[in-house]
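Data first, discussion second: the structure below is written as structure tokens.
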Protein chains: 2
Amino acid sequence: MSSHDTTQTKILDAAEFLFAERGFAETSLRTITGRAKVNLASVNYHFGSKKSLIQAVFDRFLQDFTQQLSVRLEQLEQEPADELKAETLLAALIDPLLSLNTKRPNAVSIFMRLLGRAYAETQGHLRRYVTERYGHVLVRFTLLFQKGYPELTNDQIFWRLHYMLGSLIFTLAGSDALRQISEADFNRSLEVKDVIEEMVPFLAAGMKA
Amino acid sequence: MSSHDTTQTKILDAAEFLFAERGFAETSLRTITGRAKVNLASVNYHFGSKKSLIQAVFDRFLQDFTQQLSVRLEQLEQEPADELKAETLLAALIDPLLSLNTKRPNAVSIFMRLLGRAYAETQGHLRRYVTERYGHVLVRFTLLFQKGYPELTNDQIFWRLHYMLGSLIFTLAGSDALRQISEADFNRSLEVKDVIEEMVPFLAAGMKA
DNA sequence: GTATGTTTCAAACAAGTGTTTTAGTTGGTG
DNA sequence: CACCAACTAAAACACTTGTTTGAAACATAC
């Protein structure tokens, strides 16, 4: 559990785990409050509704993540164009991501699974919420790529960033299962960090293609 | 609608559309039978349960797809190793995929969205069903990659195929929304075919990295 | 036509959902 | 101590869910 173990954080901890594990619709408030060992009504008391709880779960991740990412982007925005190589930009995205795990164990995997679900969610209402609230950081990220790779057209960069996002989210969201397969087949242990680092050459090569 | 417009296919058509649009749990049998204009009980009569209906929806896609893919793989399995370039292998995957659209309009987008959801589904029971039933075709695909790129280790290929799958599914699953953004921003019309072809250099470069 | 097996239909069922209500319990402040 | 706000607790509410039931309609064979 985290920080203060207040009712709110107990609910958030249980909810983010279960949402990642089973999905939003498949997780009932009774399951959440059962795991968190709090009363059923406290969800509506503290968060208002289930939908608001889902958004709160995302906010806790995204505030941490976008804040750290923003710092890295400010540094990069003052670099000359020829310093903005794909690997550098990817690191600015990955480092803040990995640092989530220092606060709560397994946070990266949970976060990615949540993002994967959010992306597929009903009529995209959650995706809209996320992009409206945190989209500006991703726009800055896009601009840096355009600066570093002026030979690419804007829509090439637009699409390739989405390919990248797809690889990242898809792989990390399923990384628990995939890690088990990989570890069984090739007999070496893999941390989330290893999985991501293995991914960087693939992504960088694609971006420059 | 398709083929015979029997009750079963009317249900399948409505179900695959709604499942792709909203997700499995978020789509009730009443919504499905309402759209299909059939009686509620007919789902349980013809398919047994909702879970079986979901599997039937996947089977209809996967039978078509894996059958065509298998033909392409047989051809490639007789080629010498230096003919097995990433672009060639990707084409063997993409061509059967695109041909789904000739049978039912928008089928590719629906299929990819379903796959994306299946991959994230509850405790992976659907993912297990798919890999158990159609996994052998993907194994053959992996072997071809190993033959074509012997300088890569087996687990590099394992992971890179998953990165690729992530890009493909993620991009095509959200391609309706992304297409709209892209068309608005860059003012050119995009078909699913265009989106995929734009993706091939990115994926091929990553595989060879 | 009668009989038989298949398919459709409307209605009901039991179980689970998010939310609200109302009462009770805290913990600090004057 | 009394008071008030913040919080917790148990129960009930209204509603939707997947599934089952039993009767009606249909088609096909003898």
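Letters A, B, ... go to the chains of the structure tokens in the order shown; residues in each chain start at 1; ligands are counted from 1 in the same order.
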
With all Cα atoms paired residue by residue, do a least-squares superposition of chain B on chain A and hand back the transformed coordinates as a compact mmCIF listing (two decimals) with C-alpha atoms, in the first residue's frame.
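superposed34.txt, freshly written:
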```txt
# COMPACT_ATOMS: atom_id res chain seq x y z
CA MET B 1 0.09 0.11 0.09
CA SER B 2 1.09 3.71 -0.35
CA SER B 3 1.58 6.96 1.48
CA HIS B 4 -1.07 7.42 4.16
CA ASP B 5 -3.36 4.43 3.85
CA THR B 6 -6.38 6.67 4.00
CA THR B 7 -9.64 5.30 2.70
CA GLN B 8 -9.22 7.12 -0.59
CA THR B 9 -5.81 5.68 -1.35
CA LYS B 10 -6.90 2.23 -0.22
CA ILE B 11 -9.67 2.43 -2.79
CA LEU B 12 -7.34 3.77 -5.50
CA ASP B 13 -4.79 1.04 -4.85
CA ALA B 14 -7.35 -1.71 -5.04
CA ALA B 15 -9.09 -0.18 -8.02
CA GLU B 16 -6.02 0.33 -10.18
CA PHE B 17 -4.93 -3.24 -9.58
CA LEU B 18 -8.30 -4.73 -10.40
CA PHE B 19 -9.00 -2.45 -13.36
CA ALA B 20 -5.68 -3.43 -14.89
CA GLU B 21 -6.28 -7.09 -14.16
CA ARG B 22 -9.86 -7.45 -15.36
CA GLY B 23 -11.00 -4.26 -17.03
CA PHE B 24 -13.34 -1.51 -15.96
CA ALA B 25 -16.73 -3.01 -16.68
CA GLU B 26 -15.65 -6.40 -15.37
CA THR B 27 -14.65 -4.97 -12.00
CA SER B 28 -17.51 -4.22 -9.63
CA LEU B 29 -17.40 -1.72 -6.83
CA ARG B 30 -18.05 -4.57 -4.42
CA THR B 31 -14.90 -6.33 -5.60
CA ILE B 32 -12.92 -3.13 -5.17
CA THR B 33 -14.21 -2.30 -1.71
CA GLY B 34 -13.79 -5.91 -0.72
CA ARG B 35 -10.12 -5.89 -1.65
CA ALA B 36 -9.58 -2.45 -0.12
CA LYS B 37 -11.41 -3.53 3.05
CA VAL B 38 -13.61 -0.47 3.09
CA ASN B 39 -17.35 0.02 2.94
CA LEU B 40 -19.14 -0.15 -0.39
CA ALA B 41 -20.69 3.28 -0.10
CA SER B 42 -17.35 4.96 0.47
CA VAL B 43 -16.58 4.92 -3.24
CA ASN B 44 -19.58 7.06 -4.05
CA TYR B 45 -18.92 9.19 -1.00
CA HIS B 46 -15.31 9.98 -1.87
CA PHE B 47 -15.35 9.86 -5.66
CA GLY B 48 -18.96 10.45 -6.61
CA SER B 49 -19.32 7.66 -9.12
CA LYS B 50 -17.54 4.74 -10.65
CA LYS B 51 -16.65 6.75 -13.73
CA SER B 52 -15.02 9.41 -11.59
CA LEU B 53 -13.08 6.74 -9.74
CA ILE B 54 -11.67 5.50 -13.03
CA GLN B 55 -10.57 9.01 -13.92
CA ALA B 56 -9.03 9.45 -10.48
CA VAL B 57 -7.00 6.29 -10.99
CA PHE B 58 -5.65 7.70 -14.24
CA ASP B 59 -4.99 11.10 -12.74
CA ARG B 60 -2.76 9.68 -10.07
CA PHE B 61 -0.57 8.04 -12.73
CA LEU B 62 -0.66 10.83 -15.25
CA GLN B 63 0.16 13.62 -12.82
CA ASP B 64 3.33 11.82 -11.79
CA PHE B 65 4.26 10.85 -15.30
CA THR B 66 3.53 14.04 -17.23
CA GLN B 67 5.22 16.15 -14.60
CA GLN B 68 8.47 14.25 -14.93
CA LEU B 69 8.15 14.09 -18.70
CA SER B 70 7.62 17.84 -18.83
CA VAL B 71 10.94 18.46 -17.10
CA ARG B 72 12.77 16.32 -19.62
CA LEU B 73 11.03 18.05 -22.51
CA GLU B 74 12.06 21.48 -21.24
CA GLN B 75 15.69 20.39 -21.34
CA LEU B 76 15.36 18.97 -24.83
CA GLU B 77 13.54 21.99 -26.15
CA GLN B 78 16.74 23.98 -25.69
CA GLU B 79 18.98 21.50 -27.49
CA PRO B 80 20.00 22.06 -31.12
CA ALA B 81 18.21 19.98 -33.71
CA ASP B 82 21.08 17.58 -34.35
CA GLU B 83 21.03 16.47 -30.73
CA LEU B 84 17.44 15.31 -30.99
CA LYS B 85 18.05 11.72 -32.04
CA ALA B 86 15.35 9.09 -31.73
CA GLU B 87 17.14 7.27 -28.92
CA THR B 88 17.42 10.49 -26.92
CA LEU B 89 13.77 11.34 -27.36
CA LEU B 90 12.73 7.81 -26.47
CA ALA B 91 14.76 8.01 -23.29
CA ALA B 92 12.89 11.18 -22.33
CA LEU B 93 9.71 9.16 -22.55
CA ILE B 94 10.93 5.94 -21.01
CA ASP B 95 12.85 7.22 -18.02
CA PRO B 96 9.86 8.95 -16.41
CA LEU B 97 7.83 5.85 -17.15
CA LEU B 98 10.25 3.53 -15.44
CA SER B 99 10.55 5.79 -12.45
CA LEU B 100 6.91 5.06 -11.63
CA ASN B 101 8.06 1.67 -10.41
CA THR B 102 10.12 3.27 -7.67
CA LYS B 103 7.00 4.61 -6.00
CA ARG B 104 4.81 1.56 -6.29
CA PRO B 105 6.04 -1.85 -7.39
CA ASN B 106 4.64 -3.06 -10.72
CA ALA B 107 3.25 0.40 -11.42
CA VAL B 108 4.53 0.51 -15.00
CA SER B 109 2.83 -2.70 -15.98
CA ILE B 110 -0.41 -1.61 -14.33
CA PHE B 111 -0.25 1.81 -15.95
CA MET B 112 0.32 0.39 -19.41
CA ARG B 113 -2.49 -2.09 -19.07
CA LEU B 114 -4.79 0.72 -18.02
CA LEU B 115 -3.73 2.79 -20.99
CA GLY B 116 -4.35 -0.12 -23.31
CA ARG B 117 -7.84 -0.52 -21.93
CA ALA B 118 -8.52 3.20 -22.00
CA TYR B 119 -7.57 3.29 -25.63
CA ALA B 120 -10.12 0.63 -26.48
CA GLU B 121 -12.81 1.90 -24.19
CA THR B 122 -16.43 2.56 -24.95
CA GLN B 123 -16.77 5.18 -27.62
CA GLY B 124 -13.44 6.54 -26.49
CA HIS B 125 -14.80 8.72 -23.70
CA LEU B 126 -11.83 7.92 -21.49
CA ARG B 127 -9.36 8.46 -24.31
CA ARG B 128 -10.89 11.87 -24.84
CA TYR B 129 -10.54 12.71 -21.18
CA VAL B 130 -6.88 11.73 -21.17
CA THR B 131 -5.97 13.58 -24.36
CA GLU B 132 -7.84 16.69 -23.30
CA ARG B 133 -6.16 16.80 -19.94
CA TYR B 134 -2.66 15.65 -20.82
CA GLY B 135 -2.51 15.96 -24.60
CA HIS B 136 -0.41 19.12 -24.62
CA VAL B 137 2.60 17.24 -23.29
CA LEU B 138 2.40 14.80 -26.18
CA VAL B 139 2.17 17.68 -28.63
CA ARG B 140 5.44 19.04 -27.31
CA PHE B 141 6.92 15.60 -27.76
CA THR B 142 5.77 15.55 -31.38
CA LEU B 143 7.29 18.95 -32.07
CA LEU B 144 10.67 17.74 -30.85
CA PHE B 145 10.53 14.84 -33.26
CA GLN B 146 9.73 17.19 -36.11
CA LYS B 147 12.68 19.34 -35.17
CA GLY B 148 15.03 16.36 -34.96
CA TYR B 149 13.87 14.73 -38.18
CA PRO B 150 12.96 17.51 -40.63
CA GLU B 151 13.36 15.10 -43.57
CA LEU B 152 10.19 13.30 -42.43
CA THR B 153 6.80 14.74 -43.29
CA ASN B 154 4.51 15.76 -40.47
CA ASP B 155 2.08 12.98 -41.04
CA GLN B 156 4.84 10.40 -41.20
CA ILE B 157 5.86 11.50 -37.73
CA PHE B 158 2.26 11.54 -36.57
CA TRP B 159 1.72 7.97 -37.63
CA ARG B 160 5.08 6.63 -36.51
CA LEU B 161 4.57 7.98 -33.04
CA HIS B 162 1.37 6.02 -32.94
CA TYR B 163 3.10 2.86 -34.13
CA MET B 164 5.57 3.39 -31.35
CA LEU B 165 2.86 3.92 -28.80
CA GLY B 166 1.23 0.73 -30.02
CA SER B 167 4.36 -1.33 -29.56
CA LEU B 168 5.00 0.13 -26.15
CA ILE B 169 1.53 -0.20 -24.72
CA PHE B 170 0.76 -3.52 -26.32
CA THR B 171 4.02 -5.11 -25.25
CA LEU B 172 4.12 -3.72 -21.75
CA ALA B 173 0.44 -4.35 -21.16
CA GLY B 174 0.93 -8.00 -21.95
CA SER B 175 4.44 -8.12 -20.61
CA ASP B 176 3.52 -10.21 -17.58
CA ALA B 177 2.23 -13.02 -19.75
CA LEU B 178 4.89 -12.53 -22.41
CA ARG B 179 7.66 -12.46 -19.83
CA GLN B 180 6.57 -15.82 -18.55
CA ILE B 181 6.60 -17.31 -22.05
CA SER B 182 9.93 -15.73 -22.85
CA GLU B 183 11.53 -16.75 -19.59
CA ALA B 184 10.31 -20.32 -20.06
CA ASP B 185 11.48 -20.53 -23.68
CA PHE B 186 14.80 -18.76 -23.42
CA ASN B 187 15.59 -19.25 -19.77
CA ARG B 188 16.58 -15.78 -18.75
CA SER B 189 14.90 -13.47 -16.31
CA LEU B 190 13.42 -10.23 -17.53
CA GLU B 191 12.45 -7.08 -15.75
CA VAL B 192 10.21 -4.41 -17.24
CA LYS B 193 13.36 -2.36 -17.67
CA ASP B 194 14.93 -5.13 -19.78
CA VAL B 195 11.84 -5.49 -21.91
CA ILE B 196 11.83 -1.79 -22.70
CA GLU B 197 15.54 -1.59 -23.42
CA GLU B 198 15.20 -4.50 -25.82
CA MET B 199 12.52 -2.47 -27.56
CA VAL B 200 14.48 0.76 -28.09
CA PRO B 201 16.55 -0.33 -31.14
CA PHE B 202 13.41 -1.60 -32.84
CA LEU B 203 11.54 1.64 -32.27
CA ALA B 204 14.46 3.91 -33.11
CA ALA B 205 15.15 2.10 -36.37
CA GLY B 206 11.51 2.39 -37.33
CA MET B 207 11.36 6.10 -36.59
CA LYS B 208 14.36 6.79 -38.82
CA ALA B 209 13.26 4.48 -41.65
```

TODO: Compute the set of chain C residues within 9 Å of chain B, using only C-alpha atoms (C1' of nucleotides), and express it as JSON, numbers by chain.
DONE: {"C": [7, 8, 9]}

Same residues, N, CA and C atoms (P, O5', C5', C4', C3', O3' and C1' of nucleotides), output as a short mmCIF file (atom, residue, chain, number, x, y, z; two decimals), in the first residue's frame:
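Contents of out-v8.cif, as written:
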```cif
data_model
loop_
_atom_site.label_atom_id
_atom_site.label_comp_id
_atom_site.auth_asym_id
_atom_site.auth_seq_id
_atom_site.Cartn_x
_atom_site.Cartn_y
_atom_site.Cartn_z
P DT C 7 -32.86 -25.50 -36.40
"O5'" DT C 7 -33.77 -24.22 -36.08
"C5'" DT C 7 -34.51 -23.63 -37.13
"C4'" DT C 7 -35.59 -22.76 -36.54
"C3'" DT C 7 -35.13 -21.53 -35.77
"O3'" DT C 7 -35.40 -20.39 -36.57
"C1'" DT C 7 -37.02 -22.56 -34.79
P DT C 8 -35.04 -18.94 -36.02
"O5'" DT C 8 -36.42 -18.61 -35.30
"C5'" DT C 8 -37.40 -17.83 -35.95
"C4'" DT C 8 -38.57 -17.64 -35.01
"C3'" DT C 8 -38.50 -16.39 -34.12
"O3'" DT C 8 -39.54 -15.51 -34.50
"C1'" DT C 8 -39.25 -18.29 -32.90
P DC C 9 -39.39 -13.98 -34.15
"O5'" DC C 9 -40.20 -13.90 -32.78
"C5'" DC C 9 -41.58 -14.29 -32.76
"C4'" DC C 9 -42.04 -14.57 -31.34
"C3'" DC C 9 -41.74 -13.47 -30.33
"O3'" DC C 9 -42.89 -12.65 -30.19
"C1'" DC C 9 -41.55 -15.70 -29.41
#
```

Open item on the list: Between atom C1' of C:DT19 and atom C1' of D:DT19, what distance in Å does the model show, to one decimal?
Closed with: 25.6 Å

TODO: Please determine the contact residues of chain D with respect to chain A at a cut-off of 9 Å, counting only C-alpha atoms (C1' of nucleotides), and supply them as a list in words.
DONE: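 Only these qualify: DC7, DT8 and DA9 of chain D.
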
- [ ] Work out how far atom C1' of D:DA27 is from atom C1' of C:DT4, in Å to one decimal.
- [x]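 Separating atom C1' of C:DT4 from atom C1' of D:DA27 is a distance of 10.3 Å.
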